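Some notes on the structure that comes next.
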Amino acid sequence: MNTGIYLSYSGLGANLLHLAYCHEVAKKHGPVTIITLCKNLKEALADDPLIENVFYLDKFTKKFFDIFKLSKILKKFNFENLLIFYPSLRIYLAAKISGIKNVYSYKFYEKKNLHLIRSAKSFTEKTLNIKNSPTETKFYIKKERLEKIKSEIKNDYFKIVLGVGSSGPTTRWGSKNFSNLVNSLNKTGKYFFLILCGPNEKEIEYEITSNLENDNFMTLSDKKIYDVLPYLCASDMYVGNDSFGSHVISQSGKKSIVFLLDAPKAYTDYSKNYFRLVPHGYNIENITHGTNADPNLISVERVIETINKLKIS
């Protein structure tokens with residue numbers, strides 16, 4: 001049965017937090033095709049046996065009058081079922097016009113107060129007629145790719161992925177804080193750090209590495225998403241900004257310490273492996289886009305304390 005899933009999100013992290021629901025659909029209908037606004041999702045899910053294909057939709061995504069153009073694209077997939085994980089009348093009508101037999105969508109009035117996790121979980125349970133749909137799943141990476149990376153990095157060291165990049169400056173903890181964190185941890189134990197940021201964030205990477213006292217680190221900015229993934233899955237912990245790396249690592253069964261400075265907790269509500277740190281004096285329930293909290297209100301000492309606590313748990 002040819003089944004598609006429409007994810008109307010451009011960020012890789014927002015797409016990956018829907019992975020558990022994609023897997024639930026695939027368990028019922030067979031491997032699924034995902035249509036997404038995220039250009040990197042295909043690379044990220046290349047090893048996933050429950051994902052048949054990922055199609056990047058780079059146009060016809062915003063204007064209401066693009067319905068007919070979008071319907072022509074959807075028609076090419078010959079879907080029998082399409083699950084739209086977003087409240088969009090435009091996408092729903094395009095799917096119906098394309099001739100898809102079974103089209104399921106969020107309620108159209110949900111957009112204003114959309115909670116990504118609760119909405120996706122409820123929608124999956126209702127559409128598949130199941131109870132208690134899991135919010136976490138297994139992130140797939142081929143064993144040979146993982147073993148190759150494990151042979152390259154020091155396995156007797158505690159490996160931490162530092163998520164130093166993010167979607168914007170208001171969500172970043174800051175280069176000085178990261179370099180101070182690394183230098184402080186190196187005085188207390190055997191660590192190896194994998195510095196994660198995008199190719200357009202090399203300045204951040206340099207600001208950190210130029211202030212490190214030891215060379216027990218590796219930078220990942222020059223690698224493609226597909227090549228970065230085994231390094232993330234081979235690590236022991238994530239520490240950093242709210243970025244896609246935290247989703248990969250948390251769904252690999254590892255602890256992820258995430259700084260919430262300007263992002264709602266809804267993005268990380270789904271996994272027991274998440275440990276959220278918010279600025280001193282703030283309530284996690286009140287952190288949202290536009291909070292613009294001072295990153296220095298999350299102290300290096302507090303981060304170290306959290307790392308040490310989770311290492312032995």
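Chain labels run A, B, ... following the order of the structure tokens; each chain numbers its residues from 1, and ligands are numbered from 1 in the order shown.
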Next item on the list: Write out as an MDAnalysis selection string which residues come within 9 Å of range 161-177 of chain A when counting only C-alpha atoms, dropping same-chain ones fewer than 6 positions away.
Entry: chainID A and resid 11 192:198 201 204:208 211 231:232 235:246 249 258:263 290:296 298:300
Same residues, N, CA and C atoms, output as a compact mmCIF listing (two decimals), in the first residue's frame:
```txt
# COMPACT_ATOMS: atom_id res chain seq x y z
N GLY A 11 13.10 22.99 8.94
CA GLY A 11 14.22 22.65 9.82
C GLY A 11 14.41 21.16 9.97
N PHE A 192 36.67 13.58 24.66
CA PHE A 192 36.91 13.89 23.25
C PHE A 192 35.69 14.64 22.76
N PHE A 193 35.91 15.77 22.09
CA PHE A 193 34.81 16.65 21.70
C PHE A 193 34.64 16.69 20.18
N LEU A 194 33.40 16.55 19.75
CA LEU A 194 33.05 16.68 18.34
C LEU A 194 32.26 17.96 18.18
N ILE A 195 32.84 18.94 17.49
CA ILE A 195 32.24 20.27 17.41
C ILE A 195 31.34 20.34 16.18
N LEU A 196 30.04 20.49 16.44
CA LEU A 196 29.03 20.43 15.39
C LEU A 196 28.46 21.80 15.08
N CYS A 197 28.63 22.20 13.82
CA CYS A 197 27.97 23.40 13.32
C CYS A 197 27.96 23.34 11.80
N GLY A 198 27.22 24.22 11.17
CA GLY A 198 27.11 24.20 9.72
C GLY A 198 28.30 24.85 9.04
N GLU A 201 28.94 28.46 9.57
CA GLU A 201 29.17 28.88 10.95
C GLU A 201 30.62 28.65 11.37
N ILE A 204 32.16 30.72 14.23
CA ILE A 204 31.87 30.24 15.59
C ILE A 204 32.83 29.12 15.96
N GLU A 205 33.00 28.21 15.04
CA GLU A 205 33.92 27.08 15.24
C GLU A 205 35.32 27.57 15.57
N TYR A 206 35.81 28.54 14.79
CA TYR A 206 37.16 29.06 15.00
C TYR A 206 37.28 29.78 16.34
N GLU A 207 36.25 30.55 16.71
CA GLU A 207 36.27 31.27 17.98
C GLU A 207 36.42 30.31 19.16
N ILE A 208 35.86 29.12 19.01
CA ILE A 208 35.95 28.11 20.07
C ILE A 208 37.31 27.41 20.04
N ASN A 211 40.64 28.95 21.19
CA ASN A 211 40.80 29.20 22.63
C ASN A 211 40.86 27.90 23.45
N TYR A 231 29.25 9.96 13.35
CA TYR A 231 29.97 10.57 14.46
C TYR A 231 29.01 10.87 15.62
N LEU A 232 27.83 11.35 15.27
CA LEU A 232 26.84 11.66 16.30
C LEU A 232 26.38 10.38 17.00
N SER A 235 28.80 8.88 19.55
CA SER A 235 29.15 9.69 20.72
C SER A 235 28.45 9.17 21.97
N ASP A 236 28.81 9.74 23.11
CA ASP A 236 28.21 9.36 24.39
C ASP A 236 27.18 10.36 24.89
N MET A 237 27.25 11.60 24.39
CA MET A 237 26.36 12.64 24.92
C MET A 237 26.34 13.83 23.97
N TYR A 238 25.23 14.56 24.00
CA TYR A 238 25.12 15.83 23.29
C TYR A 238 25.03 16.95 24.32
N VAL A 239 25.75 18.03 24.07
CA VAL A 239 25.65 19.23 24.90
C VAL A 239 25.64 20.43 23.96
N GLY A 240 24.59 21.22 24.03
CA GLY A 240 24.60 22.38 23.15
C GLY A 240 23.27 23.03 22.89
N ASN A 241 23.26 23.83 21.83
CA ASN A 241 22.08 24.57 21.43
C ASN A 241 21.02 23.62 20.87
N ASP A 242 19.82 24.13 20.76
CA ASP A 242 18.72 23.36 20.19
C ASP A 242 18.95 23.21 18.69
N SER A 243 19.50 22.06 18.28
CA SER A 243 19.80 21.83 16.87
C SER A 243 19.55 20.37 16.52
N PHE A 244 19.66 20.04 15.23
CA PHE A 244 19.30 18.70 14.76
C PHE A 244 20.12 17.61 15.43
N GLY A 245 21.36 17.90 15.79
CA GLY A 245 22.22 16.88 16.40
C GLY A 245 21.65 16.32 17.68
N SER A 246 20.96 17.15 18.44
CA SER A 246 20.36 16.67 19.69
C SER A 246 19.27 15.65 19.41
N ILE A 249 20.98 12.25 18.46
CA ILE A 249 21.61 11.59 19.61
C ILE A 249 20.57 11.11 20.62
N VAL A 258 20.35 20.16 26.39
CA VAL A 258 20.03 21.21 25.43
C VAL A 258 19.75 22.52 26.16
N PHE A 259 20.31 23.60 25.63
CA PHE A 259 20.08 24.92 26.19
C PHE A 259 18.87 25.55 25.52
N LEU A 260 17.86 25.87 26.30
CA LEU A 260 16.66 26.52 25.76
C LEU A 260 16.73 28.01 26.08
N LEU A 261 17.14 28.78 25.08
CA LEU A 261 17.28 30.22 25.24
C LEU A 261 16.17 30.98 24.52
N ASP A 262 15.73 30.40 23.41
CA ASP A 262 14.78 31.10 22.56
C ASP A 262 13.91 30.10 21.79
N ALA A 263 13.72 28.93 22.38
CA ALA A 263 12.96 27.88 21.71
C ALA A 263 12.03 27.20 22.71
N GLY A 290 11.39 34.40 20.68
CA GLY A 290 11.30 35.80 21.05
C GLY A 290 11.69 36.08 22.48
N THR A 291 12.00 35.04 23.26
CA THR A 291 12.42 35.25 24.65
C THR A 291 13.76 35.99 24.69
N ASN A 292 14.68 35.60 23.82
CA ASN A 292 15.99 36.27 23.72
C ASN A 292 16.71 36.36 25.06
N ALA A 293 16.73 35.26 25.78
CA ALA A 293 17.37 35.24 27.11
C ALA A 293 18.88 35.37 27.00
N ASP A 294 19.48 35.96 28.01
CA ASP A 294 20.93 36.09 28.07
C ASP A 294 21.56 34.70 28.23
N PRO A 295 22.37 34.25 27.26
CA PRO A 295 22.96 32.90 27.35
C PRO A 295 23.84 32.70 28.56
N ASN A 296 24.41 33.78 29.09
CA ASN A 296 25.30 33.66 30.25
C ASN A 296 24.55 33.33 31.53
N ILE A 298 22.97 30.71 31.80
CA ILE A 298 23.25 29.27 31.96
C ILE A 298 24.76 29.18 32.16
N SER A 299 25.19 28.95 33.37
CA SER A 299 26.61 29.01 33.69
C SER A 299 27.35 27.74 33.27
N VAL A 300 28.63 27.90 33.01
CA VAL A 300 29.49 26.76 32.68
C VAL A 300 29.49 25.75 33.82
```
Cut-off 6 Å: closest range 55-117 of chain A/range 19-40 of chain A atom pairs per residue, using only C-alpha atoms, as JSON lines:
```
{"residue": "A:Phe55", "atom": "CA", "partner": "A:Ile35", "partner_atom": "CA", "distance": 4.8}
{"residue": "A:Tyr56", "atom": "CA", "partner": "A:Thr36", "partner_atom": "CA", "distance": 5.3}
{"residue": "A:Leu57", "atom": "CA", "partner": "A:Leu37", "partner_atom": "CA", "distance": 5.2}
```
Compile the contact shell of range 43-45 of chain A as a PDB file with C-alpha atoms, in the first residue's frame: residues with an atom at most 10 Å away, counting only C-alpha atoms, same-chain residues fewer than 4 positions apart removed.
```
ATOM      1  CA  LEU A  12      15.933  19.280  10.090  1.00  0.00           C
ATOM      2  CA  LEU A  16      13.339  14.442  12.973  1.00  0.00           C
ATOM      3  CA  LEU A  19      10.352  10.308  13.024  1.00  0.00           C
ATOM      4  CA  LYS A  39      16.522  19.835   1.930  1.00  0.00           C
ATOM      5  CA  PRO A  49      14.611   0.820   6.234  1.00  0.00           C
ATOM      6  CA  LEU A  50      11.175   2.208   7.117  1.00  0.00           C
ATOM      7  CA  ILE A  51      11.598   5.218   4.827  1.00  0.00           C
ATOM      8  CA  GLU A  52      11.276   4.336   1.144  1.00  0.00           C
ATOM      9  CA  ASN A  53      11.969   7.800  -0.211  1.00  0.00           C
ATOM     10  CA  VAL A  54      12.265  11.442   0.817  1.00  0.00           C
ATOM     11  CA  PHE A 139      17.532   6.358  14.632  1.00  0.00           C
ATOM     12  CA  TYR A 140      18.925   4.001  11.996  1.00  0.00           C
ATOM     13  CA  ILE A 141      22.567   4.010  10.938  1.00  0.00           C
ATOM     14  CA  LYS A 224      27.842  16.575   4.744  1.00  0.00           C
ATOM     15  CA  ILE A 225      24.891  15.547   6.903  1.00  0.00           C
ATOM     16  CA  TYR A 226      25.181  11.941   5.694  1.00  0.00           C
ATOM     17  CA  ASP A 227      28.833  11.770   6.798  1.00  0.00           C
ATOM     18  CA  VAL A 228      28.243  13.591  10.106  1.00  0.00           C
ATOM     19  CA  LEU A 229      25.595  11.134  11.330  1.00  0.00           C
ATOM     20  CA  PHE A 244      19.304  18.700  14.763  1.00  0.00           C
ATOM     21  CA  VAL A 248      19.774  12.311  16.370  1.00  0.00           C
TER      22      VAL A 248
END
```
Next item on the list: Identify, with DSSP run on backbone atoms, the residues in range 36-143 of chain A assigned to strand (DSSP E), and express the list as a PyMOL selection string.
Entry: chain A and resi 36+51-56+81-84+102-105
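With only C-alpha atoms taken into account, the protein and nucleic acid residues at most 8 Å from Gly253 in chain A (excluding it and anything under 3 positions from it in its own chain) are Lys138, Ile249, Ser250 and Asn273 of chain A.
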Could you write out that same residue set with N, CA and C atoms as a PDB file, in the first residue's frame?
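This is the output file out16.pdb:
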```pdb
ATOM      1  N   LYS A 138      13.914   4.574  17.107  1.00  0.00           N
ATOM      2  CA  LYS A 138      15.325   4.279  16.880  1.00  0.00           C
ATOM      3  C   LYS A 138      15.807   5.015  15.648  1.00  0.00           C
ATOM      4  N   ILE A 249      20.980  12.245  18.465  1.00  0.00           N
ATOM      5  CA  ILE A 249      21.608  11.595  19.610  1.00  0.00           C
ATOM      6  C   ILE A 249      20.571  11.107  20.619  1.00  0.00           C
ATOM      7  N   SER A 250      19.539  11.897  20.874  1.00  0.00           N
ATOM      8  CA  SER A 250      18.508  11.459  21.822  1.00  0.00           C
ATOM      9  C   SER A 250      17.784  10.226  21.295  1.00  0.00           C
ATOM     10  N   ASN A 273      15.427  11.167  26.934  1.00  0.00           N
ATOM     11  CA  ASN A 273      16.875  11.391  26.900  1.00  0.00           C
ATOM     12  C   ASN A 273      17.245  12.872  26.885  1.00  0.00           C
TER      13      ASN A 273
END
```
Margin query: Please compute the CA of Gly189 in chain A-CA of Ile153 in chain A distance, one decimal, in Å.
Written below: 16.5 Å
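Between CA of Lys76 in chain A and CA of Thr61 in chain A lies a distance of 16.7 Å.
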Notebook entry, point to check: Excluding same-chain residues fewer than 2 positions from Pro87 in chain A, what lies within 12 Å of it counting only C-alpha atoms, as a list of chain:residue names?
Noted result: A:Tyr6, A:Leu7, A:Ser8, A:Tyr9, A:Leu83, A:Ile84, A:Phe85, A:Leu89, A:Arg90, A:Ile91, A:Tyr92, A:Leu93, A:Tyr104, A:Ser105, A:Tyr106, A:Lys107, A:Phe108, A:Tyr109, A:Glu110, A:Lys111, A:Lys112, A:Asn113, A:Leu114, A:His115, A:Leu116, A:Ser119, A:Ala120, A:Phe123
Residues just named, written with N, CA and C atoms as a compact mmCIF listing (two decimals), in the first residue's frame:
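That gives us result_28.txt:
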```
# COMPACT_ATOMS: atom_id res chain seq x y z
N TYR A 6 3.36 13.96 4.70
CA TYR A 6 3.72 15.33 4.36
C TYR A 6 4.14 16.06 5.64
N LEU A 7 5.41 16.50 5.67
CA LEU A 7 5.94 17.26 6.80
C LEU A 7 6.22 18.68 6.34
N SER A 8 5.42 19.61 6.80
CA SER A 8 5.52 21.00 6.33
C SER A 8 6.48 21.82 7.19
N TYR A 9 7.73 21.33 7.31
CA TYR A 9 8.73 21.98 8.15
C TYR A 9 10.05 22.03 7.40
N LEU A 83 -0.80 11.21 4.86
CA LEU A 83 -0.98 11.79 6.19
C LEU A 83 -0.27 13.14 6.23
N ILE A 84 -1.01 14.20 6.46
CA ILE A 84 -0.46 15.55 6.47
C ILE A 84 -0.29 16.00 7.92
N PHE A 85 0.96 16.04 8.37
CA PHE A 85 1.26 16.42 9.75
C PHE A 85 1.35 17.94 9.88
N LEU A 89 -5.31 23.69 4.88
CA LEU A 89 -6.39 23.44 3.93
C LEU A 89 -5.83 23.36 2.52
N ARG A 90 -4.82 24.17 2.22
CA ARG A 90 -4.22 24.19 0.89
C ARG A 90 -3.62 22.83 0.52
N ILE A 91 -2.85 22.25 1.43
CA ILE A 91 -2.24 20.95 1.16
C ILE A 91 -3.31 19.87 1.07
N TYR A 92 -4.30 19.95 1.94
CA TYR A 92 -5.39 18.96 1.93
C TYR A 92 -6.14 18.99 0.59
N LEU A 93 -6.48 20.18 0.11
CA LEU A 93 -7.20 20.29 -1.16
C LEU A 93 -6.34 19.81 -2.33
N TYR A 104 -5.54 12.35 5.19
CA TYR A 104 -5.75 12.67 6.60
C TYR A 104 -4.92 13.91 6.94
N SER A 105 -5.51 14.80 7.73
CA SER A 105 -4.82 16.04 8.05
C SER A 105 -5.18 16.50 9.46
N TYR A 106 -4.32 17.35 10.03
CA TYR A 106 -4.67 18.02 11.28
C TYR A 106 -5.93 18.87 11.04
N LYS A 107 -6.62 19.17 12.11
CA LYS A 107 -7.75 20.10 12.02
C LYS A 107 -7.21 21.47 11.64
N PHE A 108 -7.87 22.11 10.70
CA PHE A 108 -7.32 23.32 10.10
C PHE A 108 -7.20 24.49 11.08
N TYR A 109 -7.98 24.49 12.15
CA TYR A 109 -7.95 25.61 13.10
C TYR A 109 -6.87 25.44 14.17
N GLU A 110 -6.05 24.39 14.08
CA GLU A 110 -5.05 24.11 15.11
C GLU A 110 -3.76 24.93 14.99
N LYS A 111 -3.57 25.60 13.88
CA LYS A 111 -2.27 26.20 13.58
C LYS A 111 -1.77 27.17 14.64
N LYS A 112 -2.66 27.99 15.20
CA LYS A 112 -2.22 29.04 16.12
C LYS A 112 -1.56 28.48 17.37
N ASN A 113 -2.15 27.45 17.95
CA ASN A 113 -1.61 26.89 19.20
C ASN A 113 -1.07 25.48 18.98
N LEU A 114 -0.43 25.26 17.86
CA LEU A 114 0.06 23.92 17.51
C LEU A 114 1.21 23.49 18.42
N HIS A 115 1.03 22.38 19.11
CA HIS A 115 2.08 21.75 19.91
C HIS A 115 2.58 20.57 19.10
N LEU A 116 3.81 20.65 18.62
CA LEU A 116 4.30 19.67 17.65
C LEU A 116 4.16 18.23 18.13
N SER A 119 0.19 17.20 19.10
CA SER A 119 -0.62 17.13 17.88
C SER A 119 -0.24 15.92 17.03
N ALA A 120 1.06 15.68 16.89
CA ALA A 120 1.52 14.55 16.07
C ALA A 120 1.14 13.21 16.70
N PHE A 123 -2.72 12.75 16.39
CA PHE A 123 -3.06 12.52 14.98
C PHE A 123 -2.70 11.10 14.55
```
Margin query: Between CA of Lys150 in chain A and CA of Ser210 in chain A, what distance in Å does the model show, to one decimal?
Written below: 26.0 Å
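Non-sequential neighbours of Phe79 in chain A (distance at most 8 Å, separation of 6 or more positions within a chain, only C-alpha atoms) are A:Asn2, A:Thr3, A:Gly4, A:Ile100, A:Lys101.
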